[in-house]
$ cat data-v1.csv   # CSV, C-alpha atoms
chain,number,residue,atom,x,y,z
V,1,MET,CA,-5.8,-65.4,98.2
V,2,THR,CA,-8.6,-64.2,100.5
V,3,THR,CA,-10.5,-61.5,98.6
V,4,GLY,CA,-13.3,-59.4,100.1
V,5,TYR,CA,-16.1,-57.5,98.3
V,6,VAL,CA,-18.7,-55.0,99.3
V,7,PHE,CA,-22.2,-55.1,97.8
V,8,ASP,CA,-25.5,-54.2,99.2
V,9,LYS,CA,-29.0,-54.4,97.6
V,10,LEU,CA,-29.6,-50.9,98.8
V,11,PHE,CA,-26.9,-49.7,96.2
V,12,THR,CA,-29.3,-50.7,93.5
V,13,GLN,CA,-32.2,-48.8,95.0
V,14,HIS,CA,-30.4,-45.6,94.3
V,15,ASP,CA,-31.6,-45.3,90.7
V,16,TYR,CA,-33.1,-42.9,88.2
V,17,PRO,CA,-34.9,-44.0,84.9
V,18,GLY,CA,-32.7,-43.4,81.8
V,19,HIS,CA,-29.6,-42.2,83.7
V,20,PRO,CA,-26.3,-43.8,82.7
V,21,GLU,CA,-25.3,-44.3,86.3
V,22,CYS,CA,-28.0,-46.9,86.9
V,23,ALA,CA,-28.7,-49.9,89.1
V,24,GLU,CA,-28.2,-52.2,86.2
V,25,ARG,CA,-24.5,-51.5,86.4
V,26,LEU,CA,-24.2,-53.5,89.7
V,27,GLU,CA,-26.8,-56.1,88.6
V,28,VAL,CA,-24.8,-57.2,85.6
V,29,ILE,CA,-21.6,-57.3,87.6
V,30,MET,CA,-23.2,-59.6,90.3
V,31,GLN,CA,-24.7,-61.7,87.5
V,32,TYR,CA,-21.3,-62.1,85.9
V,33,LEU,CA,-19.6,-63.1,89.2
V,34,ARG,CA,-22.3,-65.8,89.7
V,35,GLN,CA,-22.2,-67.1,86.2
V,36,HIS,CA,-18.4,-67.4,86.2
V,37,GLU,CA,-18.4,-69.0,89.7
V,38,LEU,CA,-16.3,-66.2,91.2
V,39,LEU,CA,-18.8,-65.1,93.9
V,40,PRO,CA,-18.5,-68.2,96.1
V,41,ARG,CA,-14.8,-67.7,96.2
V,42,LEU,CA,-15.2,-64.2,97.7
V,43,THR,CA,-15.7,-63.0,101.3
V,44,ALA,CA,-18.6,-60.6,101.7
V,45,ILE,CA,-18.0,-57.5,103.9
V,46,PRO,CA,-21.3,-56.1,105.1
V,47,ALA,CA,-22.0,-52.5,104.2
V,48,ARG,CA,-22.9,-50.5,107.3
V,49,PRO,CA,-23.8,-46.8,107.4
V,50,ALA,CA,-20.8,-44.5,107.9
V,51,THR,CA,-20.9,-42.3,110.9
V,52,LEU,CA,-21.0,-38.5,110.7
V,53,ASP,CA,-17.6,-38.4,112.4
V,54,GLU,CA,-16.2,-40.6,109.6
V,55,LEU,CA,-17.8,-38.5,106.9
V,56,LYS,CA,-16.4,-35.3,108.4
V,57,TRP,CA,-12.9,-36.5,107.5
V,58,CYS,CA,-13.8,-35.3,104.0
V,59,HIS,CA,-17.2,-33.5,104.1
V,60,SER,CA,-18.9,-30.8,106.0
V,61,ALA,CA,-21.7,-31.8,108.4
V,62,ASN,CA,-24.0,-29.3,106.7
V,63,TYR,CA,-23.5,-31.1,103.3
V,64,VAL,CA,-24.1,-34.6,104.8
V,65,GLN,CA,-27.3,-33.3,106.5
V,66,ALA,CA,-28.4,-31.7,103.2
V,67,VAL,CA,-28.1,-35.0,101.3
V,68,ALA,CA,-30.1,-36.7,104.1
V,69,ALA,CA,-32.8,-34.0,103.9
V,70,ILE,CA,-33.3,-34.2,100.2
V,71,SER,CA,-33.6,-38.0,100.3
V,72,ALA,CA,-36.1,-37.8,103.1
V,73,ARG,CA,-38.2,-35.6,100.8
V,74,GLY,CA,-38.1,-38.2,98.1
V,75,GLY,CA,-35.1,-37.0,96.2
V,76,GLY,CA,-34.2,-34.5,93.5
V,77,MET,CA,-31.2,-33.2,91.5
V,78,LEU,CA,-28.1,-32.0,93.3
V,79,ASP,CA,-26.6,-30.7,90.1
V,80,GLN,CA,-27.5,-31.2,86.4
V,81,ASP,CA,-25.9,-34.7,86.4
V,82,THR,CA,-26.4,-36.0,90.0
V,83,TYR,CA,-29.7,-37.3,91.1
V,84,THR,CA,-31.1,-38.5,94.5
V,85,ASN,CA,-34.2,-40.5,95.4
V,86,GLN,CA,-35.5,-41.6,98.7
V,87,HIS,CA,-32.8,-44.3,99.1
V,88,SER,CA,-29.8,-42.3,98.0
V,89,SER,CA,-28.6,-40.9,101.3
V,90,ALA,CA,-28.8,-44.4,102.9
V,91,ALA,CA,-27.1,-46.0,100.0
V,92,ALA,CA,-24.3,-43.4,100.0
V,93,LEU,CA,-23.7,-43.8,103.7
V,94,LYS,CA,-23.5,-47.6,103.3
V,95,ALA,CA,-21.1,-47.2,100.4
V,96,VAL,CA,-18.7,-45.3,102.6
V,97,GLY,CA,-19.1,-47.6,105.6
V,98,GLY,CA,-18.6,-50.6,103.4
V,99,VAL,CA,-15.4,-49.4,101.8
V,100,ILE,CA,-13.9,-48.2,105.1
V,101,ASP,CA,-14.6,-51.7,106.7
V,102,LEU,CA,-13.2,-53.5,103.6
V,103,THR,CA,-10.0,-51.4,103.7
V,104,LEU,CA,-9.6,-51.9,107.4
V,105,ALA,CA,-10.1,-55.7,107.1
V,106,VAL,CA,-7.2,-55.7,104.5
V,107,LEU,CA,-5.0,-53.7,106.8
V,108,LYS,CA,-5.8,-55.9,109.8
V,109,GLY,CA,-4.8,-59.0,107.8
V,110,GLN,CA,-8.3,-60.5,107.7
V,111,LEU,CA,-8.3,-60.2,103.9
V,112,ASN,CA,-5.5,-60.1,101.3
V,113,ASN,CA,-7.2,-57.6,99.1
V,114,GLY,CA,-10.7,-56.5,98.0
V,115,PHE,CA,-13.1,-54.7,95.6
V,116,ALA,CA,-15.9,-52.4,96.8
V,117,LEU,CA,-18.8,-52.6,94.4
V,118,LEU,CA,-20.3,-49.2,95.3
V,119,ARG,CA,-23.1,-47.0,94.1
V,120,PRO,CA,-23.3,-44.0,94.1
V,121,PRO,CA,-19.7,-43.5,93.0
V,122,GLY,CA,-17.4,-41.0,94.7
V,123,HIS,CA,-14.5,-39.5,92.9
V,124,HIS,CA,-16.2,-36.2,91.8
V,125,ALA,CA,-17.8,-35.5,95.2
V,126,LEU,CA,-16.5,-32.3,96.8
V,127,ARG,CA,-16.3,-31.3,100.4
V,128,HIS,CA,-19.5,-29.2,100.4
V,129,ARG,CA,-21.4,-30.6,97.4
V,130,ALA,CA,-22.2,-33.4,95.0
V,131,MET,CA,-20.9,-33.6,91.5
V,132,GLY,CA,-20.8,-35.9,88.5
V,133,PHE,CA,-23.1,-38.7,89.7
V,134,CYS,CA,-21.2,-38.8,93.1
V,135,LEU,CA,-22.5,-38.0,96.6
V,136,PHE,CA,-19.6,-38.8,99.0
V,137,ALA,CA,-15.9,-39.2,98.4
V,138,ASN,CA,-15.7,-43.0,98.9
V,139,ILE,CA,-12.1,-43.6,98.2
V,140,ALA,CA,-10.8,-40.5,99.9
V,141,LEU,CA,-12.7,-41.5,103.0
V,142,ALA,CA,-11.2,-45.0,102.8
V,143,ALA,CA,-7.7,-43.4,102.7
V,144,ARG,CA,-8.5,-41.2,105.6
V,145,ALA,CA,-9.8,-44.2,107.6
V,146,ALA,CA,-6.5,-46.0,107.0
V,147,ARG,CA,-4.6,-43.0,108.3
V,148,GLN,CA,-6.9,-42.3,111.2
V,149,GLN,CA,-7.8,-45.8,112.4
V,150,LYS,CA,-4.7,-47.8,111.5
V,151,GLY,CA,-2.0,-45.2,111.5
V,152,ILE,CA,-0.9,-45.8,108.0
V,153,GLU,CA,1.6,-43.2,107.1
V,154,ARG,CA,1.5,-43.3,103.2
V,155,VAL,CA,-1.5,-44.2,101.0
V,156,ALA,CA,-1.5,-44.2,97.2
V,157,ILE,CA,-4.7,-43.6,95.3
V,158,ILE,CA,-4.6,-44.4,91.5
V,159,ASP,CA,-7.6,-43.3,89.5
V,160,PHE,CA,-8.0,-44.7,85.9
V,161,ASP,CA,-11.5,-43.6,85.3
V,162,VAL,CA,-11.9,-41.6,82.0
V,163,HIS,CA,-12.8,-38.5,84.0
V,164,HIS,CA,-10.4,-36.7,86.3
V,165,GLY,CA,-11.0,-37.5,90.0
V,166,ASN,CA,-11.4,-33.8,90.8
V,167,GLY,CA,-13.2,-34.4,94.1
V,168,THR,CA,-10.6,-36.8,95.4
V,169,GLN,CA,-7.9,-34.4,94.4
V,170,ALA,CA,-9.6,-31.3,95.9
V,171,ILE,CA,-10.2,-33.0,99.2
V,172,LEU,CA,-6.7,-34.3,99.5
V,173,ASP,CA,-4.8,-31.5,97.7
V,174,ASP,CA,-2.9,-30.3,100.8
V,175,ASP,CA,-2.3,-33.8,102.3
V,176,PRO,CA,1.2,-35.0,101.8
V,177,SER,CA,0.5,-38.4,103.2
V,178,ILE,CA,-1.7,-39.4,100.3
V,179,LEU,CA,-0.4,-39.8,96.8
V,180,PHE,CA,-3.1,-39.2,94.2
V,181,ILE,CA,-2.6,-40.1,90.6
V,182,SER,CA,-5.3,-39.7,88.0
V,183,SER,CA,-5.0,-40.6,84.3
V,184,HIS,CA,-8.0,-39.3,82.3
V,185,GLN,CA,-9.2,-37.8,79.1
V,186,TYR,CA,-8.2,-34.1,78.8
V,187,PRO,CA,-9.7,-31.7,78.1
V,188,PHE,CA,-12.9,-33.3,79.1
V,189,TYR,CA,-15.4,-33.3,82.0
V,190,PRO,CA,-15.0,-32.0,84.7
V,191,GLY,CA,-12.4,-29.6,83.1
V,192,SER,CA,-9.7,-30.1,85.7
V,193,GLY,CA,-6.6,-32.4,85.8
V,194,GLY,CA,-4.0,-30.6,83.9
V,195,MET,CA,-0.4,-31.9,84.3
V,196,THR,CA,0.7,-28.8,86.3
V,197,GLU,CA,-1.8,-29.6,89.1
V,198,ILE,CA,0.6,-31.2,91.6
V,199,GLY,CA,-0.7,-30.5,95.0
V,200,LEU,CA,-0.6,-27.6,97.5
V,201,GLY,CA,1.9,-26.5,100.2
V,202,ALA,CA,3.6,-29.5,101.8
V,203,ALA,CA,1.7,-31.8,99.5
V,204,LYS,CA,3.3,-30.4,96.4
V,205,GLY,CA,4.4,-33.2,94.2
V,206,THR,CA,2.0,-35.8,95.7
V,207,LYS,CA,-0.7,-35.1,93.2
V,208,VAL,CA,-0.1,-36.4,89.7
V,209,ASN,CA,-2.3,-35.8,86.7
V,210,VAL,CA,-1.8,-37.7,83.4
V,211,PRO,CA,-4.0,-35.9,80.8
V,212,LEU,CA,-4.8,-38.3,77.9
V,213,ALA,CA,-5.7,-37.2,74.4
V,214,ALA,CA,-8.8,-38.7,72.9
V,215,GLY,CA,-8.0,-42.1,71.4
V,216,THR,CA,-5.0,-42.9,73.6
V,217,ASP,CA,-4.9,-46.8,73.5
V,218,ASP,CA,-3.4,-49.6,75.4
V,219,GLU,CA,0.1,-48.9,74.1
V,220,GLY,CA,0.0,-45.3,75.1
V,221,VAL,CA,-1.3,-46.0,78.6
V,222,LYS,CA,1.4,-48.7,79.1
V,223,GLN,CA,4.1,-46.3,78.1
V,224,LEU,CA,2.8,-43.5,80.5
V,225,TYR,CA,2.3,-45.9,83.4
V,226,SER,CA,5.6,-47.7,82.9
V,227,GLU,CA,7.7,-44.5,82.5
V,228,VAL,CA,5.9,-42.1,84.8
V,229,VAL,CA,3.2,-43.6,87.1
V,230,PHE,CA,4.9,-46.7,88.4
V,231,PRO,CA,8.2,-44.9,89.2
V,232,ILE,CA,6.3,-42.2,91.1
V,233,ILE,CA,4.5,-44.9,93.1
V,234,ARG,CA,7.8,-46.7,93.9
V,235,ARG,CA,9.4,-43.4,95.0
V,236,PHE,CA,6.5,-42.7,97.4
V,237,GLN,CA,6.6,-46.2,99.0
V,238,PRO,CA,3.0,-46.5,99.9
V,239,GLN,CA,1.8,-48.9,102.6
V,240,LEU,CA,-1.6,-49.3,101.0
V,241,ILE,CA,-2.8,-48.9,97.4
V,242,LEU,CA,-6.4,-47.9,96.6
V,243,VAL,CA,-7.7,-47.8,93.1
V,244,SER,CA,-10.6,-45.8,91.7
V,245,ALA,CA,-11.6,-48.3,89.0
V,246,GLY,CA,-13.6,-46.7,86.3
V,247,PHE,CA,-14.2,-48.7,83.1
V,248,ASP,CA,-15.4,-45.7,81.0
V,249,ALA,CA,-11.9,-45.4,79.5
V,250,HIS,CA,-12.7,-48.4,77.4
V,251,TRP,CA,-13.0,-47.6,73.7
V,252,GLN,CA,-16.7,-48.7,73.5
V,253,ASP,CA,-17.9,-46.6,76.5
V,254,PRO,CA,-20.6,-44.1,75.5
V,255,LEU,CA,-19.3,-41.3,77.9
V,256,GLY,CA,-15.6,-41.3,77.0
V,257,GLU,CA,-13.2,-41.3,74.0
V,258,ILE,CA,-10.1,-43.2,75.3
V,259,GLY,CA,-9.0,-46.3,73.5
V,260,LEU,CA,-8.3,-48.9,76.3
V,261,SER,CA,-9.4,-52.5,75.8
V,262,LEU,CA,-10.2,-55.0,78.5
V,263,THR,CA,-6.7,-56.4,77.8
V,264,GLY,CA,-5.2,-53.0,78.5
V,265,TYR,CA,-7.3,-52.8,81.7
V,266,HIS,CA,-6.0,-56.2,82.7
V,267,TRP,CA,-2.4,-55.1,82.2
V,268,LEU,CA,-3.0,-52.0,84.2
V,269,SER,CA,-4.6,-53.8,87.1
V,270,GLN,CA,-2.0,-56.6,87.0
V,271,ASN,CA,0.8,-54.1,87.4
V,272,LEU,CA,-0.9,-52.3,90.2
V,273,PHE,CA,-1.5,-55.6,91.9
V,274,ASN,CA,2.2,-56.5,91.4
V,275,LEU,CA,3.3,-53.1,92.9
V,276,ALA,CA,1.1,-53.8,95.9
V,277,GLN,CA,2.9,-57.1,96.3
V,278,GLU,CA,6.3,-55.4,96.0
V,279,LEU,CA,5.7,-52.4,98.2
V,280,CYS,CA,3.0,-53.0,100.7
V,281,GLY,CA,2.5,-56.7,101.4
V,282,GLY,CA,-0.2,-57.0,98.7
V,283,GLN,CA,-2.5,-54.6,100.4
V,284,ILE,CA,-4.7,-53.2,97.6
V,285,VAL,CA,-8.4,-52.3,97.4
V,286,PHE,CA,-10.3,-51.5,94.2
V,287,VAL,CA,-13.3,-49.2,94.4
V,288,LEU,CA,-15.9,-49.0,91.6
V,289,GLU,CA,-16.3,-45.6,89.8
V,290,GLY,CA,-17.6,-45.2,86.3
V,291,GLY,CA,-18.2,-47.5,83.3
V,292,TYR,CA,-21.4,-47.3,81.3
V,293,ASN,CA,-21.2,-50.0,78.7
V,294,LEU,CA,-22.5,-53.0,80.5
V,295,GLN,CA,-20.9,-55.5,78.2
V,296,VAL,CA,-17.5,-54.0,79.2
V,297,LEU,CA,-18.2,-53.3,82.8
V,298,ALA,CA,-19.1,-56.8,83.9
V,299,PRO,CA,-16.1,-58.7,82.5
V,300,GLY,CA,-13.8,-55.7,83.5
V,301,VAL,CA,-14.8,-56.1,87.1
V,302,GLY,CA,-14.7,-59.9,86.8
V,303,ASN,CA,-11.1,-59.7,85.5
V,304,ILE,CA,-10.0,-57.8,88.6
V,305,PHE,CA,-11.6,-60.3,90.9
V,306,ARG,CA,-9.8,-63.1,89.0
V,307,LEU,CA,-6.5,-61.2,89.5
V,308,LEU,CA,-7.1,-60.6,93.2
V,309,LEU,CA,-7.9,-64.3,93.7
V,310,GLY,CA,-4.6,-65.3,92.1
V,311,ASN,CA,-5.8,-66.3,88.6
V,312,THR,CA,-3.8,-65.4,85.5
V,313,ASP,CA,-6.7,-65.7,83.0
V,314,TYR,CA,-8.9,-62.8,81.9
V,315,ASP,CA,-11.8,-62.2,79.6
V,316,ASP,CA,-11.8,-59.7,76.7
V,317,PRO,CA,-14.7,-60.5,74.4
V,318,ILE,CA,-14.5,-57.2,72.6
V,319,GLY,CA,-10.9,-56.7,71.6
V,320,PRO,CA,-9.0,-53.5,70.7
V,321,PRO,CA,-10.1,-50.5,68.7
V,322,HIS,CA,-9.1,-50.0,65.1
V,323,ARG,CA,-8.6,-46.2,64.8
V,324,PRO,CA,-5.7,-43.7,64.9
V,325,LYS,CA,-3.9,-43.2,68.2
V,326,PRO,CA,-2.0,-40.3,69.5
V,327,ASN,CA,1.7,-40.5,70.3
V,328,VAL,CA,2.4,-40.0,74.1
V,329,THR,CA,6.2,-39.6,74.0
V,330,GLY,CA,6.0,-35.8,74.4
V,331,LEU,CA,3.6,-36.1,77.3
V,332,VAL,CA,5.9,-38.6,79.0
V,333,ALA,CA,8.8,-36.2,78.7
V,334,MET,CA,6.9,-33.3,80.1
V,335,LEU,CA,5.6,-35.3,83.1
V,336,LYS,CA,9.1,-36.6,83.8
V,337,GLN,CA,10.3,-33.0,83.9
V,338,ILE,CA,7.4,-31.8,86.2
V,339,HIS,CA,7.9,-34.7,88.6
V,340,GLN,CA,11.7,-34.8,88.4
V,341,LEU,CA,12.0,-38.4,87.2
$ encode --input "data-v1.csv" --output "structure tokens"
Amino acid sequence: MTTGYVFDKLFTQHDYPGHPECAERLEVIMQYLRQHELLPRLTAIPARPATLDELKWCHSANYVQAVAAISARGGGMLDQDTYTNQHSSAAALKAVGGVIDLTLAVLKGQLNNGFALLRPPGHHALRHRAMGFCLFANIALAARAARQQKGIERVAIIDFDVHHGNGTQAILDDDPSILFISSHQYPFYPGSGGMTEIGLGAAKGTKVNVPLAAGTDDEGVKQLYSEVVFPIIRRFQPQLILVSAGFDAHWQDPLGEIGLSLTGYHWLSQNLFNLAQELCGGQIVFVLEGGYNLQVLAPGVGNIFRLLLGNTDYDDPIGPPHRPKPNVTGLVAMLKQIHQL
């Protein structure tokens, strides 16, 4: 396998003391990839700044200019959770340019697959404003690039971050060419992502929300994905799969209450990888979102790189939780009814 990755030192210069979405998140990932001799096996895709024309596929020009202006002044808070400093605008532009070029390299056959190690993250960013640690809609922009620059007719985005990918959904809500599936803790920040949110107009049915009760573990996630998510992906027949990979659904993450283990994450990633092999010639790109326990984040990302490289082994030094878990059978039945499975 030829696996690409995006990383830029500038991503670590977007930082704020004491904030959970910190530079150390990428630093521990890169250290893990070096220590486990994964990095030499990967192909680096340089991160270049996205153009305004590219950003306008998902954002208003006024918003892009506002982010640049506040960074030029040294930074500040864009909402109660989302910070900027003097490097943030440049880092966010490079994050978008990097994931676009990684995605296009996969579509051109230059790479089999890839993982974009981006900061700031993107799945909460809205068209006109920042939200939830996110500045620009990285994965939605990669999907739009696949459509605009390579003529891909159907793209699937799967988001397994513990928080609903509200920004991705809002930007793509009326776009029938992009299937968006989010599994997330509910009710929980940002408050959206109920199962009846299924898209607008001609896109109705192409937006799928899987609201997880606190404590849902590997077994529950496997049941929901096997009986609901994977059949919907197969029905849509995507030509490209993009994954918003958040590791904050792990049971030891400080910002979430879902019960996934690294073994569960491996199962989920393996099955998405297998679907890409089955449906779209293996064309799959993972994009980093959340994950705030560094001892979970580094091996979690490392396991996906092993998978993309064709390895069957994975690393789970923590194991599963030992606590009550909700039954998901009723949720499965409701989702099957809503999505006519």
$ atom_distance --input "data-v1.csv" --atom1 "atom CA of V:Pro254" --atom2 "atom CA of V:Val296"
11.0 Å
$ residues_around --input "data-v1.csv" --residues "V:Gly193" --least-positions-apart "2" --cutoff "8 Å" --atoms "only C-alpha atoms" --output "PyMOL selection string"
chain V and resi 164-166+182+184+186+191+195+197+209-211
$ atom_distance --input "data-v1.csv" --atom1 "atom CA of V:Ser88" --atom2 "atom CA of V:Gln65"
12.6 Å
$ atom_distance --input "data-v1.csv" --atom1 "atom CA of V:Asn327" --atom2 "atom CA of V:Glu257"
15.4 Å
$ closest_residue --input "data-v1.csv" --among "V:Ala90, V:Leu42, V:Tyr63, V:Glu289" --to "V:Met1" --atoms "all atoms listed in the file"
V:Leu42
